[in-house]
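Quick notes on the structure that follows.
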Amino acid sequence: MVYAFTFTTITGTLFTIIWVLLERILERIGYLKLAYLLLRILMFSWVCPVAYIALKKMNARLYRWYGFLFLPTLFLSQVSIVVFVVWVLAGSTVITLYIREQIRVQRRLALVKECREERITKVFSDILAEKNIPEGKVKLRMSAFEKTPMVANVIHPVVVLPAGSFPDRTKRHVKFSMKT
């Protein structure tokens, strides 16, 4: 079990490095959906012990390590314990930061108002219709505190637009994001 955990961490780390490099390239050329698909595969690699299973299968078929591959040694036990402790600490830190960020976002969302500008709500409704998203499933809000558009929440998504006019750069980014 400890070896499966250790090898899963190694596999997840390698896939994460590969994804970070590929994601930047894919984002530059406009393949955001492919980058998100690869992210889903990456999340799976942190749960499924791919490297461990592959090594066990290779050992069983090729008799390469003659049963000594997963022989418990003092060094492997110590490495596994260190990896486990680091993994638990990192996981706890990430969960804590995520919860803190969600609380911060929810507090900011409490300050936003419903969008009443007719031309913006019309464009938003057209985009929802184009994407086959039912009216009312995604809420549109405006905020005097935000400087850039943002999307929050997964179950009840909210699009928050800054009050006032958008700079040209922001308009281009929003149009590009809606295309993908």
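Each chain in the structure tokens gets a letter, A, B and so on, in the order shown; residues start at 1 in every chain, and ligands are counted from 1 in the order they appear.
Non-sequential neighbours of region 110-120 of chain A (distance at most 8 Å, separation of 4 or more positions within a chain, only C-alpha atoms) are Gln106, Phe124, Leu140, Arg141, Met142, Ser143, Ala144 and Val160 of chain A.
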Each residue of region 37-145 of chain A lying at most 12 Å from region 23-32 of chain A should get a row with its shortest atom-to-atom pair and the distance in Å to one decimal, counting only C-alpha atoms; could you produce that, ordered by chain and increasing number, as a tab-separated table?
```
residue	atom	partner	partner_atom	distance
A:Leu37	CA	A:Leu32	CA	8.7
A:Leu38	CA	A:Glu23	CA	8.3
A:Leu39	CA	A:Glu23	CA	8.7
A:Leu42	CA	A:Glu23	CA	11.5
```
Which parts of chain A does DSSP call strand (DSSP E) when run on the backbone here, written out as an NGL selection string?
:A and (113-114 or 139-143 or 150-152 or 158-162)
Residue contacts of Trp46 (chain A) (9 Å, only C-alpha atoms) excluding same-chain residues fewer than 2 positions away, as a PyMOL selection string:
chain A and resi 8-13+15+42-44+48-49
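Remark: for Leu109 (chain A), the closest of the candidate residues A:Trp19, A:Phe145, A:Tyr36, A:Phe5 is A:Phe145 (distances computed over only C-alpha atoms).
What separates CA of Thr6 (chain A) from CA of Leu22 (chain A) is a distance of 24.5 Å.
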Could you pull out the helix (DSSP H, G or I) residues of chain A from DSSP and send them as a PyMOL selection string?
chain A and resi 2-29+32-45+50-62+74-109+118-130+168-179
